[in-house]
Amino acid sequence: MKNLTPDRSTLDPIEVASRDEITALQLDRLKWSLNHAYTNVPHYKTAFDAAGVHPDDLTSLGDLAKFPFTAKQDLRANYPFGMFAVPRDQVKRIHASSGTTGQPTVVGYTENDLANWGQVVARSLRAAGLQPGDLLHNAYGYGLFTGGLGIHLGADALGLTTIPISGGMTPRQVRLIEDFKPKGITVTPSYALSVLDEFNAQGLDPRASSLEVGIFGAEPWTNAMRTEIEQAFDMHAVDIYGLSEVIGPGVSMECVETKDGLHIWEDHFFPEIIDPNSGEPVADGEMGELVFTSLTKEAFPIIRYRTRDLTRLLPGTARSMRRMEKVTGRSDDMIILRGVNVFPTQIEECLMATPGLAPHFQIELTKPDRMDQMRVLCEAADANTNHADAGKTLASRIKQTVGISVAVDVADPGRVERSQGKAVRIVDKR
Ligand code: DLL
């Protein structure tokens with residue numbers, strides 16, 4: 001793999017500023033953001049008043065803990081445009097979550113918001129090792145989902161040449177990578193595996209492709225998966241995180257030179273970690289639920305938004321801004337199986353460590369005889385795999401490391417449903 005470490009002189013000054021500079025900027029911006037939300041969004045006025053707090057009560061960053069949380073249901077209750085803080089005609093762009101689990105969540109951006117979003121995504125793409133003039137194959141979905149258009153905005157801001165291929169039509173993805181020779185690919189890790197399969201199906205060597213870096217996010221993935229993808233493509237694999245409610249992709253990003261967690265672009269997004277049960281903030285370094293407050297957003301300010309993503313905050317390394325550890329699960333995806341908490345990423349880790357199995361899987365939950373049962377559906381890497389042996393190895397690895405008994409089905413290659421965007425890991429038949 002090539003050394004893609006960006007030249008430090010090309011970074012935004014704030015990326016390498018002192019902590020004091022960063023916190024001073026955060027405090028100024030936080031005061032503005034709380035006032036802006038309180039003055040212009042009825043929901044925030046009502047919520048702050050009910051909690052007996054006013055934006056003027058904030059004199060230090062720690063005072064933020066006095067303010068009420070915002071949850072997904074607050075956004076739903078104000079569907080579609082009730083959380084906007086500017087007149088509708090100043091909103092230049094609308095995005096929305098898919099809404100498969102209820103009413104979609106609608107978010108909006110002013111012209112300044114789009115410019116800031118472009119800046120944080122540009123910063124992220126640069127942290128991955130891309131430079132002005134490089135070619136980017138953008139396979140995140142275009143549309144209401146923030147992935148495709150958000151990355152596109154940042155690629156424009158950085159000065160890349162973008163191939164807006166979006167997700168799907170996998171044979172064409174491979175053909176265009178072969179023909180156009182992009183340096184970077186932006187895609188969900190699960191769809192990257194589908195693209196990898198297609199390389200092999202066409203008899204092409206993915207290691208011989210032009211790709212030097214993959215920028216993977218929008219769903220959890222493990223370091224074991226990183227190693228798998230890096231080896232398969234002979235390229236770097238780095239993690240990008242974000243959520244539509246906060247802006248989209250580009251809230252935090254892993255640096256290609258360190259790959260040690262994701263630097264949060266703290267000049268725009270203020271992070272906290274809370275105990276998900278008590279709601280109390282915990283110290284940096286402790287695990288909990290990630291909460292974000294926007295510092296610069298005009299159309300859709302968001303105050304103490306509970307992401308449900310579980311992680312911890314770590315000090316800066318390659319950049320001054322704090323890091324968050326790779327998100328290996330969200331509380332919504334946690335399966336409680338006979339009293340044991342299980343995340344799909346734990347199954348992924350066990351699977352990746354089992355020889356003879358391909359990296360694709362789904363978890364099926366059933367409840368025969370009133371007892372929850374988990375079945376892991378996976379597939380053989382090739383015709384040489386002994387299905388029964390590989391299945392037994394995986395089941396005993398899960399038993400040893402996660403502590404639960406599961407059934408494992410090892411199907412023929414190609415039998416597990418492929419993702420074209422975010423993978424569906426859990427099929428709940430209970
Ligand atoms: O997935 C934004 C995005 C697009 C991020 C492209 C990165 C790349 P939503 O559809 O609103 O936005 O989903 C947000 O996806 O709360 C996490 O649970 C999960 N997620 C996003 N990035 C990561 C990641 C986009 N790198 C939700 N690791 C978030 C783990 C992630 N989970």
# chains A, B, ... in the order shown; residues from 1 in each chain; ligands from 1
call {"tool": "residues_near_ligand", "arguments": {"ligand": "ligand 1", "cutoff": "9 Å", "atoms": "only C-alpha atoms and all ligand atoms", "output": "JSON, numbers by chain"}}
result
{"A": [96, 97, 98, 105, 140, 141, 145, 146, 147, 148, 150, 151, 186, 187, 188, 215, 216, 217, 218, 219, 220, 221, 222, 238, 239, 240, 241, 242, 243, 244, 245, 246, 247, 248, 249, 250, 251, 252, 253, 262, 307, 308, 309, 310, 326, 327, 328, 329, 330, 331, 332, 333, 422]}
call {"tool": "residues_around", "arguments": {"residues": "Asp382 of chain A", "least_positions_apart": "3", "cutoff": "10 Å", "atoms": "only C-alpha atoms", "output": "PyMOL selection string"}}
result
chain A and resi 356-358+379+385-386+412-414
call {"tool": "atom_distance", "arguments": {"atom1": "atom CA of Ala388 of chain A", "atom2": "atom CA of Gly203 of chain A"}}
result
28.1 Å
call {"tool": "residues_around", "arguments": {"residues": "Leu314 of chain A", "least_positions_apart": "6", "cutoff": "6 Å", "atoms": "only C-alpha atoms", "output": "PDB file with all heavy atoms, in the first residue's frame"}}
result
ATOM      1  N   GLY A 285     -12.920   8.709  27.601  1.00  0.00           N
ATOM      2  CA  GLY A 285     -12.319   7.394  27.814  1.00  0.00           C
ATOM      3  C   GLY A 285     -13.329   6.342  28.242  1.00  0.00           C
ATOM      4  O   GLY A 285     -13.085   5.147  28.101  1.00  0.00           O
ATOM      5  N   ARG A 322     -10.504  15.666  19.274  1.00  0.00           N
ATOM      6  CA  ARG A 322     -10.652  14.356  19.931  1.00  0.00           C
ATOM      7  C   ARG A 322     -11.144  13.295  18.951  1.00  0.00           C
ATOM      8  O   ARG A 322     -11.784  13.599  17.955  1.00  0.00           O
ATOM      9  CB  ARG A 322     -11.645  14.477  21.095  1.00  0.00           C
ATOM     10  CG  ARG A 322     -11.037  15.085  22.329  1.00  0.00           C
ATOM     11  CD  ARG A 322     -12.074  15.247  23.413  1.00  0.00           C
ATOM     12  NE  ARG A 322     -13.056  16.270  23.054  1.00  0.00           N
ATOM     13  CZ  ARG A 322     -14.130  16.562  23.799  1.00  0.00           C
ATOM     14  NH1 ARG A 322     -14.375  15.891  24.897  1.00  0.00           N
ATOM     15  NH2 ARG A 322     -14.960  17.515  23.425  1.00  0.00           N
ATOM     16  N   ARG A 323     -10.809  12.063  19.293  1.00  0.00           N
ATOM     17  CA  ARG A 323     -11.268  10.939  18.482  1.00  0.00           C
ATOM     18  C   ARG A 323     -12.433  10.232  19.163  1.00  0.00           C
ATOM     19  O   ARG A 323     -12.591  10.317  20.382  1.00  0.00           O
ATOM     20  CB  ARG A 323     -10.153   9.898  18.320  1.00  0.00           C
ATOM     21  CG  ARG A 323      -9.014  10.289  17.411  1.00  0.00           C
ATOM     22  CD  ARG A 323      -7.839   9.359  17.615  1.00  0.00           C
ATOM     23  NE  ARG A 323      -7.374   9.395  18.971  1.00  0.00           N
ATOM     24  CZ  ARG A 323      -6.859   8.365  19.644  1.00  0.00           C
ATOM     25  NH1 ARG A 323      -6.726   7.187  19.078  1.00  0.00           N
ATOM     26  NH2 ARG A 323      -6.460   8.511  20.880  1.00  0.00           N
ATOM     27  N   MET A 324     -13.234   9.535  18.356  1.00  0.00           N
ATOM     28  CA  MET A 324     -14.183   8.572  18.900  1.00  0.00           C
ATOM     29  C   MET A 324     -13.724   7.202  18.433  1.00  0.00           C
ATOM     30  O   MET A 324     -13.182   7.056  17.329  1.00  0.00           O
ATOM     31  CB  MET A 324     -15.624   8.862  18.436  1.00  0.00           C
ATOM     32  CG  MET A 324     -15.793   9.005  16.932  1.00  0.00           C
ATOM     33  SD  MET A 324     -17.459   9.544  16.464  1.00  0.00           S
ATOM     34  CE  MET A 324     -18.137   7.946  15.951  1.00  0.00           C
TER      35      MET A 324
END
call {"tool": "residues_around", "arguments": {"residues": "segment 16-29 of chain A", "least_positions_apart": "4", "cutoff": "8 Å", "atoms": "only C-alpha atoms", "output": "MDAnalysis selection string"}}
result
chainID A and resid 11:12 33 59:61 266:268 270 295:296 319:321
call {"tool": "write_last_selection", "arguments": {"atoms": "all heavy atoms", "output": "compact mmCIF listing (two decimals), in the first residue's frame"}}
result
# COMPACT_ATOMS: atom_id res chain seq x y z
N LEU A 11 -3.48 20.99 5.64
CA LEU A 11 -4.61 20.83 6.56
C LEU A 11 -5.22 22.19 6.90
O LEU A 11 -4.55 23.22 6.83
CB LEU A 11 -4.16 20.13 7.85
CG LEU A 11 -3.44 18.79 7.68
CD1 LEU A 11 -3.10 18.21 9.06
CD2 LEU A 11 -4.28 17.80 6.88
N ASP A 12 -6.50 22.18 7.32
CA ASP A 12 -7.11 23.42 7.82
C ASP A 12 -6.39 23.77 9.13
O ASP A 12 -6.14 22.87 9.95
CB ASP A 12 -8.60 23.21 8.15
CG ASP A 12 -9.42 22.93 6.91
OD1 ASP A 12 -8.93 23.19 5.79
OD2 ASP A 12 -10.56 22.43 7.04
N SER A 33 -25.32 28.80 18.94
CA SER A 33 -26.20 27.72 18.49
C SER A 33 -27.40 27.55 19.44
O SER A 33 -28.54 27.37 18.99
CB SER A 33 -25.39 26.42 18.38
OG SER A 33 -26.14 25.44 17.72
N THR A 59 -22.14 29.28 30.47
CA THR A 59 -20.93 30.10 30.53
C THR A 59 -19.68 29.25 30.33
O THR A 59 -18.59 29.78 30.16
CB THR A 59 -20.83 30.87 31.87
OG1 THR A 59 -20.90 29.92 32.91
CG2 THR A 59 -21.98 31.87 32.01
N SER A 60 -19.84 27.92 30.41
CA SER A 60 -18.71 27.03 30.12
C SER A 60 -19.26 25.84 29.34
O SER A 60 -20.48 25.60 29.33
CB SER A 60 -18.09 26.53 31.43
OG SER A 60 -18.98 25.61 32.03
N LEU A 61 -18.36 25.09 28.70
CA LEU A 61 -18.82 23.94 27.91
C LEU A 61 -19.56 22.93 28.78
O LEU A 61 -20.51 22.28 28.35
CB LEU A 61 -17.62 23.28 27.20
CG LEU A 61 -16.94 24.12 26.10
CD1 LEU A 61 -15.67 23.44 25.62
CD2 LEU A 61 -17.89 24.35 24.93
N GLU A 266 -14.58 18.85 15.65
CA GLU A 266 -15.16 19.49 16.84
C GLU A 266 -15.41 20.97 16.69
O GLU A 266 -15.98 21.59 17.58
CB GLU A 266 -14.18 19.33 18.02
CG GLU A 266 -14.17 18.00 18.67
CD GLU A 266 -13.37 18.09 19.97
OE1 GLU A 266 -13.95 18.54 20.97
OE2 GLU A 266 -12.17 17.75 19.96
N ASP A 267 -14.93 21.58 15.61
CA ASP A 267 -15.25 23.00 15.41
C ASP A 267 -16.68 23.17 14.89
O ASP A 267 -17.22 24.27 14.90
CB ASP A 267 -14.24 23.68 14.47
CG ASP A 267 -13.99 22.91 13.18
OD1 ASP A 267 -14.26 21.70 13.14
OD2 ASP A 267 -13.55 23.53 12.19
N HIS A 268 -17.31 22.06 14.46
CA HIS A 268 -18.70 22.13 13.99
C HIS A 268 -19.65 21.26 14.82
O HIS A 268 -20.85 21.52 14.84
CB HIS A 268 -18.79 21.71 12.53
CG HIS A 268 -18.12 22.66 11.59
ND1 HIS A 268 -18.70 23.84 11.19
CD2 HIS A 268 -16.88 22.64 11.01
CE1 HIS A 268 -17.87 24.50 10.38
NE2 HIS A 268 -16.77 23.79 10.26
N PHE A 270 -20.19 19.32 18.58
CA PHE A 270 -19.68 19.15 19.94
C PHE A 270 -20.14 17.80 20.48
O PHE A 270 -21.34 17.54 20.60
CB PHE A 270 -20.18 20.29 20.85
CG PHE A 270 -19.55 20.22 22.21
CD1 PHE A 270 -18.27 20.70 22.42
CD2 PHE A 270 -20.21 19.61 23.27
CE1 PHE A 270 -17.66 20.59 23.66
CE2 PHE A 270 -19.61 19.51 24.52
CZ PHE A 270 -18.34 20.00 24.71
N LEU A 295 -22.72 23.22 16.16
CA LEU A 295 -22.17 24.52 16.57
C LEU A 295 -22.37 25.60 15.52
O LEU A 295 -22.30 26.79 15.84
CB LEU A 295 -20.67 24.37 16.86
CG LEU A 295 -20.32 23.41 18.02
CD1 LEU A 295 -18.82 23.32 18.18
CD2 LEU A 295 -20.97 23.88 19.31
N THR A 296 -22.60 25.19 14.28
CA THR A 296 -22.68 26.20 13.21
C THR A 296 -23.94 26.06 12.35
O THR A 296 -24.16 26.89 11.48
CB THR A 296 -21.45 26.09 12.27
OG1 THR A 296 -21.33 24.73 11.84
CG2 THR A 296 -20.17 26.52 12.97
N ARG A 319 -4.53 14.57 14.59
CA ARG A 319 -5.10 15.92 14.59
C ARG A 319 -5.35 16.30 16.05
O ARG A 319 -5.44 15.42 16.92
CB ARG A 319 -6.44 15.98 13.84
CG ARG A 319 -6.40 15.45 12.42
CD ARG A 319 -5.67 16.38 11.46
NE ARG A 319 -5.81 15.90 10.08
CZ ARG A 319 -5.01 14.99 9.53
NH1 ARG A 319 -4.00 14.47 10.21
NH2 ARG A 319 -5.21 14.59 8.28
N SER A 320 -5.54 17.62 16.31
CA SER A 320 -5.77 18.05 17.70
C SER A 320 -7.16 17.65 18.21
O SER A 320 -7.38 17.57 19.42
CB SER A 320 -5.68 19.57 17.81
OG SER A 320 -4.59 20.06 17.10
N MET A 321 -8.08 17.45 17.30
CA MET A 321 -9.45 17.21 17.74
C MET A 321 -9.59 15.79 18.30
O MET A 321 -8.90 14.87 17.86
CB MET A 321 -10.41 17.46 16.60
CG MET A 321 -10.27 18.90 16.10
SD MET A 321 -11.58 19.42 15.06
CE MET A 321 -10.82 20.87 14.31
call {"tool": "residues_around", "arguments": {"residues": "Thr110 of chain A", "least_positions_apart": "2", "cutoff": "8 Å", "atoms": "only C-alpha atoms", "output": "PDB file with C-alpha atoms, in the first residue's frame"}}
result
ATOM      1  CA  GLN A  90     -33.766  29.855   2.875  1.00  0.00           C
ATOM      2  CA  VAL A  91     -33.441  26.071   2.970  1.00  0.00           C
ATOM      3  CA  LYS A  92     -31.441  25.057  -0.080  1.00  0.00           C
ATOM      4  CA  ARG A  93     -31.496  21.294   0.388  1.00  0.00           C
ATOM      5  CA  GLY A 108     -32.472  20.866   5.942  1.00  0.00           C
ATOM      6  CA  ASN A 112     -23.874  28.235   4.517  1.00  0.00           C
ATOM      7  CA  ASP A 113     -24.713  24.797   5.917  1.00  0.00           C
ATOM      8  CA  LEU A 114     -23.954  23.211   2.534  1.00  0.00           C
ATOM      9  CA  GLU A 298     -28.409  27.375  10.551  1.00  0.00           C
ATOM     10  CA  ALA A 299     -31.353  25.513   9.015  1.00  0.00           C
TER      11      ALA A 299
END
call {"tool": "closest_residue", "arguments": {"among": "A:Gly184, A:Asn277, A:Glu272, A:Asp369", "to": "Met235 of chain A", "atoms": "only C-alpha atoms"}}
result
A:Gly184
call {"tool": "select_by_dssp", "arguments": {"residues": "segment 94-243 of chain A", "states": "strand (DSSP E or B)", "output": "PyMOL selection string"}}
result
chain A and resi 94-96+106-109+135-138+161-163+184-187+213-217+236-243
call {"tool": "write_last_selection", "arguments": {"atoms": "C-alpha atoms", "output": "short mmCIF file (atom, residue, chain, number, x, y, z; two decimals), in the first residue's frame"}}
result
data_model
loop_
_atom_site.label_atom_id
_atom_site.label_comp_id
_atom_site.auth_asym_id
_atom_site.auth_seq_id
_atom_site.Cartn_x
_atom_site.Cartn_y
_atom_site.Cartn_z
CA ILE A 94 -33.60 18.68 2.13
CA HIS A 95 -32.45 15.18 3.04
CA ALA A 96 -34.35 12.49 4.92
CA VAL A 106 -36.33 15.34 7.61
CA VAL A 107 -33.27 17.61 7.75
CA GLY A 108 -32.47 20.87 5.94
CA TYR A 109 -29.44 22.95 4.95
CA LEU A 135 -10.36 10.60 -9.13
CA LEU A 136 -13.08 9.37 -6.75
CA HIS A 137 -15.59 6.57 -7.41
CA ASN A 138 -18.56 7.52 -5.20
CA THR A 161 -12.90 14.49 -10.05
CA THR A 162 -16.03 12.63 -8.97
CA ILE A 163 -17.67 9.65 -10.61
CA GLY A 184 -10.43 6.37 -4.08
CA ILE A 185 -13.75 4.64 -3.53
CA THR A 186 -16.49 5.79 -1.15
CA VAL A 187 -18.95 3.00 -0.34
CA VAL A 213 -7.96 3.96 -0.57
CA GLY A 214 -11.50 3.01 0.41
CA ILE A 215 -13.58 5.31 2.63
CA PHE A 216 -16.11 3.18 4.41
CA GLY A 217 -18.99 4.14 6.66
CA HIS A 236 -6.04 1.45 2.66
CA ALA A 237 -9.44 1.19 4.32
CA VAL A 238 -10.50 4.08 6.57
CA ASP A 239 -13.65 4.81 8.53
CA ILE A 240 -16.00 7.76 8.00
CA TYR A 241 -18.89 8.45 10.36
CA GLY A 242 -21.91 10.68 10.35
CA LEU A 243 -25.66 10.85 10.63
#
call {"tool": "closest_residue", "arguments": {"among": "A:Ser124, A:Ser419, A:Gln119, A:Thr39", "to": "Leu153 of chain A", "atoms": "only C-alpha atoms"}}
result
A:Gln119
call {"tool": "residues_around", "arguments": {"residues": "Pro171 of chain A", "least_positions_apart": "2", "cutoff": "12 Å", "atoms": "only C-alpha atoms", "output": "list in words"}}
result
Ile165, Gly167, Gly168, Met169, Gln173, Val174, Arg175, Leu176, Ile177, Glu178, Ser194, Val195, Leu196, Asp197, Glu198, Phe199, Asn200, Ala201, Gln202, Gly203 and Leu204 of chain A
call {"tool": "write_last_selection", "arguments": {"atoms": "all heavy atoms", "output": "compact mmCIF listing (two decimals), in the first residue's frame"}}
result
# COMPACT_ATOMS: atom_id res chain seq x y z
N ILE A 165 -21.41 7.42 -9.33
CA ILE A 165 -22.04 6.18 -9.81
C ILE A 165 -23.19 5.72 -8.93
O ILE A 165 -24.06 5.01 -9.38
CB ILE A 165 -20.97 5.08 -9.98
CG1 ILE A 165 -21.56 3.85 -10.67
CG2 ILE A 165 -20.35 4.71 -8.64
CD1 ILE A 165 -20.55 2.98 -11.35
N GLY A 167 -25.12 3.64 -5.75
CA GLY A 167 -25.05 2.20 -5.44
C GLY A 167 -25.72 1.37 -6.52
O GLY A 167 -26.47 1.89 -7.34
N GLY A 168 -25.45 0.09 -6.53
CA GLY A 168 -26.16 -0.83 -7.43
C GLY A 168 -25.46 -1.04 -8.76
O GLY A 168 -24.44 -0.41 -9.05
N MET A 169 -26.03 -1.92 -9.57
CA MET A 169 -25.48 -2.31 -10.87
C MET A 169 -24.01 -2.67 -10.71
O MET A 169 -23.11 -2.03 -11.29
CB MET A 169 -25.68 -1.19 -11.90
CG MET A 169 -27.16 -0.97 -12.20
SD MET A 169 -27.42 -0.14 -13.77
CE MET A 169 -27.51 1.53 -13.23
N GLN A 173 -20.09 -1.20 -11.77
CA GLN A 173 -19.13 -0.62 -10.82
C GLN A 173 -17.72 -1.11 -11.17
O GLN A 173 -16.77 -0.34 -11.23
CB GLN A 173 -19.46 -1.05 -9.38
CG GLN A 173 -20.86 -0.70 -8.91
CD GLN A 173 -20.95 0.65 -8.21
OE1 GLN A 173 -19.95 1.30 -7.93
NE2 GLN A 173 -22.16 1.09 -7.93
N VAL A 174 -17.62 -2.42 -11.37
CA VAL A 174 -16.30 -3.02 -11.63
C VAL A 174 -15.75 -2.54 -12.97
O VAL A 174 -14.57 -2.18 -13.08
CB VAL A 174 -16.40 -4.56 -11.57
CG1 VAL A 174 -15.10 -5.20 -12.04
CG2 VAL A 174 -16.76 -5.01 -10.16
N ARG A 175 -16.64 -2.47 -13.96
CA ARG A 175 -16.16 -2.05 -15.28
C ARG A 175 -15.60 -0.63 -15.23
O ARG A 175 -14.54 -0.33 -15.78
CB ARG A 175 -17.28 -2.16 -16.32
CG ARG A 175 -16.72 -2.05 -17.74
CD ARG A 175 -17.74 -2.40 -18.80
NE ARG A 175 -18.80 -1.40 -18.85
CZ ARG A 175 -20.08 -1.65 -18.64
NH1 ARG A 175 -20.50 -2.87 -18.37
NH2 ARG A 175 -20.97 -0.67 -18.71
N LEU A 176 -16.32 0.26 -14.52
CA LEU A 176 -15.85 1.65 -14.48
C LEU A 176 -14.59 1.82 -13.62
O LEU A 176 -13.76 2.67 -13.90
CB LEU A 176 -16.96 2.59 -14.01
CG LEU A 176 -18.18 2.71 -14.94
CD1 LEU A 176 -19.01 3.94 -14.61
CD2 LEU A 176 -17.79 2.74 -16.42
N ILE A 177 -14.44 0.98 -12.59
CA ILE A 177 -13.18 1.04 -11.82
C ILE A 177 -12.03 0.60 -12.74
O ILE A 177 -10.97 1.23 -12.77
CB ILE A 177 -13.26 0.15 -10.56
CG1 ILE A 177 -14.27 0.73 -9.56
CG2 ILE A 177 -11.88 0.01 -9.90
CD1 ILE A 177 -14.60 -0.17 -8.38
N GLU A 178 -12.28 -0.43 -13.53
CA GLU A 178 -11.24 -0.91 -14.46
C GLU A 178 -10.92 0.14 -15.52
O GLU A 178 -9.76 0.36 -15.85
CB GLU A 178 -11.71 -2.20 -15.15
CG GLU A 178 -11.68 -3.43 -14.26
CD GLU A 178 -10.26 -3.83 -13.87
OE1 GLU A 178 -9.49 -4.29 -14.72
OE2 GLU A 178 -9.94 -3.65 -12.68
N SER A 194 -19.56 -6.78 -2.00
CA SER A 194 -20.27 -7.20 -3.22
C SER A 194 -19.44 -6.85 -4.45
O SER A 194 -19.37 -7.62 -5.41
CB SER A 194 -21.64 -6.51 -3.32
OG SER A 194 -22.38 -6.68 -2.14
N VAL A 195 -18.81 -5.67 -4.41
CA VAL A 195 -17.96 -5.25 -5.53
C VAL A 195 -16.76 -6.20 -5.64
O VAL A 195 -16.37 -6.61 -6.74
CB VAL A 195 -17.50 -3.77 -5.34
CG1 VAL A 195 -16.48 -3.36 -6.38
CG2 VAL A 195 -18.71 -2.83 -5.38
N LEU A 196 -16.24 -6.58 -4.49
CA LEU A 196 -15.12 -7.53 -4.47
C LEU A 196 -15.50 -8.87 -5.11
O LEU A 196 -14.76 -9.42 -5.94
CB LEU A 196 -14.68 -7.74 -3.01
CG LEU A 196 -13.55 -8.72 -2.77
CD1 LEU A 196 -12.27 -8.24 -3.45
CD2 LEU A 196 -13.31 -8.86 -1.26
N ASP A 197 -16.68 -9.37 -4.74
CA ASP A 197 -17.18 -10.61 -5.35
C ASP A 197 -17.24 -10.51 -6.86
O ASP A 197 -16.93 -11.45 -7.58
CB ASP A 197 -18.64 -10.85 -4.91
CG ASP A 197 -18.72 -11.56 -3.58
OD1 ASP A 197 -17.67 -11.90 -3.03
OD2 ASP A 197 -19.86 -11.75 -3.11
N GLU A 198 -17.70 -9.33 -7.32
CA GLU A 198 -17.89 -9.14 -8.76
C GLU A 198 -16.53 -9.11 -9.49
O GLU A 198 -16.42 -9.63 -10.59
CB GLU A 198 -18.70 -7.85 -8.98
CG GLU A 198 -19.05 -7.55 -10.42
CD GLU A 198 -19.93 -8.60 -11.10
OE1 GLU A 198 -20.73 -9.28 -10.40
OE2 GLU A 198 -19.79 -8.75 -12.33
N PHE A 199 -15.53 -8.54 -8.86
CA PHE A 199 -14.18 -8.60 -9.43
C PHE A 199 -13.80 -10.05 -9.67
O PHE A 199 -13.35 -10.43 -10.76
CB PHE A 199 -13.15 -7.97 -8.46
CG PHE A 199 -12.80 -6.55 -8.77
CD1 PHE A 199 -13.46 -5.50 -8.16
CD2 PHE A 199 -11.79 -6.25 -9.68
CE1 PHE A 199 -13.13 -4.18 -8.43
CE2 PHE A 199 -11.45 -4.94 -9.97
CZ PHE A 199 -12.13 -3.89 -9.35
N ASN A 200 -14.00 -10.85 -8.61
CA ASN A 200 -13.61 -12.25 -8.71
C ASN A 200 -14.45 -12.98 -9.76
O ASN A 200 -13.93 -13.77 -10.54
CB ASN A 200 -13.70 -12.92 -7.34
CG ASN A 200 -12.64 -12.35 -6.40
OD1 ASN A 200 -11.52 -12.04 -6.82
ND2 ASN A 200 -12.99 -12.18 -5.13
N ALA A 201 -15.77 -12.66 -9.78
CA ALA A 201 -16.65 -13.32 -10.74
C ALA A 201 -16.23 -13.01 -12.18
O ALA A 201 -16.37 -13.85 -13.08
CB ALA A 201 -18.11 -12.88 -10.51
N GLN A 202 -15.71 -11.81 -12.41
CA GLN A 202 -15.27 -11.43 -13.76
C GLN A 202 -13.84 -11.88 -14.04
O GLN A 202 -13.28 -11.56 -15.09
CB GLN A 202 -15.39 -9.91 -13.95
CG GLN A 202 -16.83 -9.42 -13.94
CD GLN A 202 -16.96 -7.94 -14.33
OE1 GLN A 202 -16.08 -7.37 -14.97
NE2 GLN A 202 -18.07 -7.33 -13.94
N GLY A 203 -13.25 -12.61 -13.08
CA GLY A 203 -11.89 -13.11 -13.28
C GLY A 203 -10.84 -12.00 -13.25
O GLY A 203 -9.76 -12.13 -13.82
N LEU A 204 -11.17 -10.87 -12.55
CA LEU A 204 -10.22 -9.75 -12.47
C LEU A 204 -9.55 -9.76 -11.10
O LEU A 204 -10.17 -10.14 -10.11
CB LEU A 204 -10.97 -8.43 -12.66
CG LEU A 204 -11.61 -8.24 -14.04
CD1 LEU A 204 -12.60 -7.08 -14.01
CD2 LEU A 204 -10.52 -8.02 -15.09
call {"tool": "select_by_dssp", "arguments": {"residues": "segment 87-319 of chain A", "states": "alpha helix (DSSP H)", "output": "MDAnalysis selection string"}}
result
chainID A and resid 111:127 146:158 170:180 189:201 223:233
call {"tool": "residues_around", "arguments": {"residues": "segment 40-49 of chain A", "least_positions_apart": "5", "cutoff": "7 Å", "atoms": "only C-alpha atoms", "output": "ChimeraX atom specification"}}
result
/A:54,67-68,83-85
call {"tool": "write_last_selection", "arguments": {"atoms": "N, CA, C and O atoms", "output": "PDB file, in the first residue's frame"}}
result
ATOM      1  N   HIS A  54     -31.968  28.518  30.169  1.00  0.00           N
ATOM      2  CA  HIS A  54     -31.991  29.542  29.122  1.00  0.00           C
ATOM      3  C   HIS A  54     -30.589  29.544  28.488  1.00  0.00           C
ATOM      4  O   HIS A  54     -29.604  29.286  29.194  1.00  0.00           O
ATOM      5  N   PHE A  67     -28.837  21.268  29.695  1.00  0.00           N
ATOM      6  CA  PHE A  67     -29.849  21.423  28.644  1.00  0.00           C
ATOM      7  C   PHE A  67     -30.471  20.070  28.296  1.00  0.00           C
ATOM      8  O   PHE A  67     -29.830  19.033  28.442  1.00  0.00           O
ATOM      9  N   PRO A  68     -31.729  20.099  27.852  1.00  0.00           N
ATOM     10  CA  PRO A  68     -32.403  18.822  27.584  1.00  0.00           C
ATOM     11  C   PRO A  68     -31.881  18.134  26.319  1.00  0.00           C
ATOM     12  O   PRO A  68     -31.389  18.790  25.408  1.00  0.00           O
ATOM     13  N   MET A  83     -38.659  21.551  12.786  1.00  0.00           N
ATOM     14  CA  MET A  83     -37.397  21.793  13.501  1.00  0.00           C
ATOM     15  C   MET A  83     -36.516  22.810  12.764  1.00  0.00           C
ATOM     16  O   MET A  83     -35.400  23.086  13.199  1.00  0.00           O
ATOM     17  N   PHE A  84     -37.005  23.320  11.654  1.00  0.00           N
ATOM     18  CA  PHE A  84     -36.177  24.276  10.902  1.00  0.00           C
ATOM     19  C   PHE A  84     -36.138  25.620  11.627  1.00  0.00           C
ATOM     20  O   PHE A  84     -37.155  26.097  12.131  1.00  0.00           O
ATOM     21  N   ALA A  85     -34.965  26.243  11.628  1.00  0.00           N
ATOM     22  CA  ALA A  85     -34.769  27.504  12.343  1.00  0.00           C
ATOM     23  C   ALA A  85     -34.680  28.702  11.406  1.00  0.00           C
ATOM     24  O   ALA A  85     -34.381  29.804  11.843  1.00  0.00           O
TER      25      ALA A  85
END
call {"tool": "closest_residue", "arguments": {"among": "A:Cys378, A:Ala71, A:Ala115, A:Met371", "to": "Arg415 of chain A", "atoms": "only C-alpha atoms"}}
result
A:Cys378
